[in-house]
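Novice: Before anything else, here's the structure in question.
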Amino acid sequence: MRKIELDRFDLQILQQLQQDARATHQKLAQEIPLSASQIGRRIQRMEQSGIIQGYQVALDPEQVGLSVMAFANVSLERHNESALLDFAQSIHALPEVLECYAAAGEADYLLRIVVPDLPSLSTFVMNKLMQLSLVRSVKSTIVLNAIKQTMKLPLSSLP
C-alpha cells in the first residue's frame with residue numbers, strides 16, 4: 001500500500017463516512033463541494049491505499065446477548081519472536097477477544113473481551129486464555145458501564 005497525501009476534501013469525506021458509512025456519493029456531494037464522481041474516485045483511492053480499511057455494522061452487544069465486557073491485562077512467560085507470533089495466532093482464533101494490543105508497562109497485552117455473562121467470562125479466562133501455553137498471568141477488569149465507545153478518529157484535530 002502506498003501512502004497518499006490527504007487534502008481537506010479527503011478529510012471531509014472521511015469525516016462524513018465516519019458519521020454514515022452507507023452514505024451515497026450523491027449524499028456526500030450535498031455536504032462536500034465536489035461532484036459525486038469525484039467523491040467516488042477519492043473514496044476508491046483511499047480504499048486502495050489502505051486509509052479506508054473496510055466498512056462494518058456496529059452492533060449493540062447487549063441486544064444480541066453479549067452483556068459482559070471486560071479488559072484483560074495478559075503477561076507472557078517468554079518474549080521471543082516465535083512466542084509472540086504463537087500468542088498472536090492464538091488470540092486471532094478467539095472470537096471473544098474483540099481487540100488485542102501489545103503494550104509497554106505492567107502487562108504485555110491488553111485485551112477487550114465480550115461474553116454473554118460472568119460465568120462465561122470465568123470459563124473463557126480459565127479454560128481458554130489461561131490455557132494458552134505462553135500465558136503467565138491474566139488480570140481482568142469487568143466493565144460496569146460504557147461511557148464512551150467509538151471507532152471515529154478525531155480528524156477535525158488534524159492541522
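Convention: chains lettered A, B, ... in C-alpha cells order; per-chain residue numbering from 1; ligands numbered from 1 as shown.
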For segment 46-52 of chain A, find every residue with an atom within 10 Å (counting only C-alpha atoms), except residues of its own chain fewer than 6 positions away, and show them as a VMD selection string.

Specialist: chain A and resid 1 to 6 10 14 17 40

Novice: When DSSP is applied to the backbone of this structure, which of segment 38-103 of chain A are assigned strand (DSSP E or B)? Write them out as a list in words.

Specialist: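 Strand (DSSP E or B) members of segment 38-103 of chain A, listed: Val68, Met69, Ala70, Phe71, Ala72, Asn73, Val74, Ser75, Leu76, Val97, Leu98, Glu99, Cys100, Tyr101 and Ala102 of chain A.
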
Novice: Those same residues, written as a compact mmCIF listing (two decimals), in the first residue's frame with all heavy atoms?

Specialist:
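The resulting file, again-v7.txt, is shown below:
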```
# COMPACT_ATOMS: atom_id res chain seq x y z
N VAL A 68 -21.58 -8.81 28.95
CA VAL A 68 -20.41 -8.58 29.81
C VAL A 68 -19.21 -8.25 28.95
O VAL A 68 -18.83 -9.01 28.05
CB VAL A 68 -20.11 -9.80 30.70
CG1 VAL A 68 -18.79 -9.63 31.45
CG2 VAL A 68 -21.25 -10.03 31.68
N MET A 69 -18.61 -7.08 29.26
CA MET A 69 -17.36 -6.68 28.61
C MET A 69 -16.30 -6.59 29.69
O MET A 69 -16.56 -6.13 30.80
CB MET A 69 -17.50 -5.32 27.92
CG MET A 69 -16.23 -4.90 27.19
SD MET A 69 -16.25 -3.19 26.54
CE MET A 69 -17.82 -3.10 25.73
N ALA A 70 -15.12 -7.05 29.36
CA ALA A 70 -14.00 -6.99 30.31
C ALA A 70 -12.73 -6.63 29.55
O ALA A 70 -12.61 -6.86 28.34
CB ALA A 70 -13.84 -8.32 31.02
N PHE A 71 -11.81 -6.05 30.28
CA PHE A 71 -10.47 -5.81 29.78
C PHE A 71 -9.54 -6.73 30.54
O PHE A 71 -9.68 -6.91 31.75
CB PHE A 71 -10.05 -4.35 29.96
CG PHE A 71 -10.82 -3.42 29.06
CD1 PHE A 71 -11.99 -2.83 29.48
CD2 PHE A 71 -10.37 -3.16 27.79
CE1 PHE A 71 -12.71 -1.98 28.65
CE2 PHE A 71 -11.07 -2.32 26.94
CZ PHE A 71 -12.24 -1.73 27.38
N ALA A 72 -8.61 -7.34 29.84
CA ALA A 72 -7.67 -8.25 30.48
C ALA A 72 -6.25 -7.79 30.19
O ALA A 72 -5.91 -7.48 29.05
CB ALA A 72 -7.87 -9.68 29.98
N ASN A 73 -5.46 -7.74 31.25
CA ASN A 73 -4.02 -7.50 31.12
C ASN A 73 -3.36 -8.87 31.13
O ASN A 73 -3.50 -9.61 32.10
CB ASN A 73 -3.49 -6.67 32.29
CG ASN A 73 -4.05 -5.27 32.32
OD1 ASN A 73 -4.65 -4.83 31.36
ND2 ASN A 73 -3.85 -4.58 33.42
N VAL A 74 -2.66 -9.18 30.06
CA VAL A 74 -2.06 -10.50 29.91
C VAL A 74 -0.54 -10.36 29.91
O VAL A 74 0.01 -9.54 29.17
CB VAL A 74 -2.52 -11.19 28.60
CG1 VAL A 74 -1.83 -12.52 28.41
CG2 VAL A 74 -4.03 -11.35 28.59
N SER A 75 0.12 -11.18 30.75
CA SER A 75 1.58 -11.23 30.77
C SER A 75 2.01 -12.61 30.28
O SER A 75 1.39 -13.61 30.62
CB SER A 75 2.11 -11.00 32.19
OG SER A 75 1.77 -9.70 32.61
N LEU A 76 3.08 -12.63 29.49
CA LEU A 76 3.58 -13.88 28.92
C LEU A 76 4.81 -14.39 29.66
O LEU A 76 5.53 -13.62 30.29
CB LEU A 76 3.93 -13.68 27.44
CG LEU A 76 2.83 -13.19 26.50
CD1 LEU A 76 3.34 -13.13 25.07
CD2 LEU A 76 1.59 -14.07 26.60
N VAL A 97 -12.38 -12.27 21.97
CA VAL A 97 -11.43 -11.16 22.04
C VAL A 97 -11.68 -10.25 20.85
O VAL A 97 -11.44 -10.62 19.71
CB VAL A 97 -9.97 -11.65 22.05
CG1 VAL A 97 -9.00 -10.47 22.05
CG2 VAL A 97 -9.70 -12.56 23.24
N LEU A 98 -12.20 -9.05 21.14
CA LEU A 98 -12.51 -8.11 20.08
C LEU A 98 -11.30 -7.28 19.69
O LEU A 98 -11.16 -6.88 18.53
CB LEU A 98 -13.64 -7.17 20.50
CG LEU A 98 -14.96 -7.83 20.89
CD1 LEU A 98 -16.00 -6.77 21.19
CD2 LEU A 98 -15.43 -8.77 19.80
N GLU A 99 -10.45 -6.98 20.65
CA GLU A 99 -9.26 -6.18 20.39
C GLU A 99 -8.11 -6.72 21.23
O GLU A 99 -8.32 -7.18 22.35
CB GLU A 99 -9.49 -4.71 20.76
CG GLU A 99 -10.59 -4.03 19.95
CD GLU A 99 -10.87 -2.63 20.45
OE1 GLU A 99 -10.03 -1.74 20.18
OE2 GLU A 99 -11.91 -2.43 21.09
N CYS A 100 -6.91 -6.62 20.68
CA CYS A 100 -5.71 -7.04 21.38
C CYS A 100 -4.59 -6.10 21.00
O CYS A 100 -4.34 -5.87 19.81
CB CYS A 100 -5.36 -8.48 21.02
SG CYS A 100 -3.81 -9.05 21.78
N TYR A 101 -3.93 -5.55 22.01
CA TYR A 101 -2.86 -4.59 21.77
C TYR A 101 -1.61 -5.03 22.53
O TYR A 101 -1.68 -5.35 23.72
CB TYR A 101 -3.25 -3.19 22.27
CG TYR A 101 -4.49 -2.65 21.60
CD1 TYR A 101 -5.74 -2.78 22.19
CD2 TYR A 101 -4.41 -2.03 20.37
CE1 TYR A 101 -6.88 -2.29 21.57
CE2 TYR A 101 -5.54 -1.54 19.74
CZ TYR A 101 -6.77 -1.67 20.34
OH TYR A 101 -7.89 -1.19 19.72
N ALA A 102 -0.47 -5.06 21.84
CA ALA A 102 0.81 -5.24 22.52
C ALA A 102 1.08 -3.95 23.26
O ALA A 102 0.85 -2.86 22.75
CB ALA A 102 1.91 -5.53 21.50
```

Novice: Determine which residues of segment 2-153 of chain A receive a DSSP assignment of alpha helix (DSSP H), computed from the backbone, and state them as a PyMOL selection string.

Specialist: chain A and resi 8-19+25-31+36-49+81-92+118-124

Novice: So that I can see what lies close to segment 81-85 of chain A, please list as JSON, numbers by chain the residues with an atom at most 12 Å from it, counting only C-alpha atoms and leaving out residues fewer than 3 positions away in the same chain.

Specialist: {"A": [75, 76, 77, 78, 88, 89, 90, 91, 92, 101, 102, 108, 109, 132, 133, 134, 135]}

Novice: Generate a file of the selected residues that holds C-alpha atoms, formatted as a compact mmCIF listing (two decimals), in the first residue's frame.

Specialist:
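Heads up, here's the output in again_2.txt:
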```
# COMPACT_ATOMS: atom_id res chain seq x y z
CA SER A 75 1.58 -11.23 30.77
CA LEU A 76 3.58 -13.88 28.92
CA GLU A 77 6.22 -16.32 30.11
CA ARG A 78 8.53 -15.73 27.15
CA ALA A 88 -0.98 -13.54 18.24
CA GLN A 89 -2.24 -16.56 16.26
CA SER A 90 -3.95 -17.98 19.36
CA ILE A 91 -5.69 -14.66 20.07
CA HIS A 92 -6.93 -14.40 16.47
CA TYR A 101 -2.86 -4.59 21.77
CA ALA A 102 0.81 -5.24 22.52
CA ASP A 108 2.43 -7.45 27.70
CA TYR A 109 -1.02 -7.31 26.08
CA LEU A 132 -2.52 -20.80 26.20
CA SER A 133 0.96 -22.18 26.81
CA LEU A 134 2.67 -18.79 26.88
CA VAL A 135 0.34 -17.00 29.31
```

Novice: Excluding segment 22-27 of chain A and its own-chain neighbours fewer than 3 positions away, which residues fall within 10 Å of it when counting only C-alpha atoms? Please give them as a list in words.

Specialist: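 The residues satisfying every condition are Ile13, Gln16, Leu17, Gln18, Gln19, Gln30, Glu31, Ile32, Leu34, Ser35, Ala36, Ser37, Gln38, Ile39, Gly40, Arg41, Ile43, Tyr55, Gln56 and Val57 of chain A.
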
Novice: Which is closest to Pro95 of chain A among A:Ala21, A:Leu28, A:Gln63, A:Lys128, if we use only C-alpha atoms?

Specialist: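 Checking each candidate against Pro95 of chain A, we get A:Lys128 as the closest.
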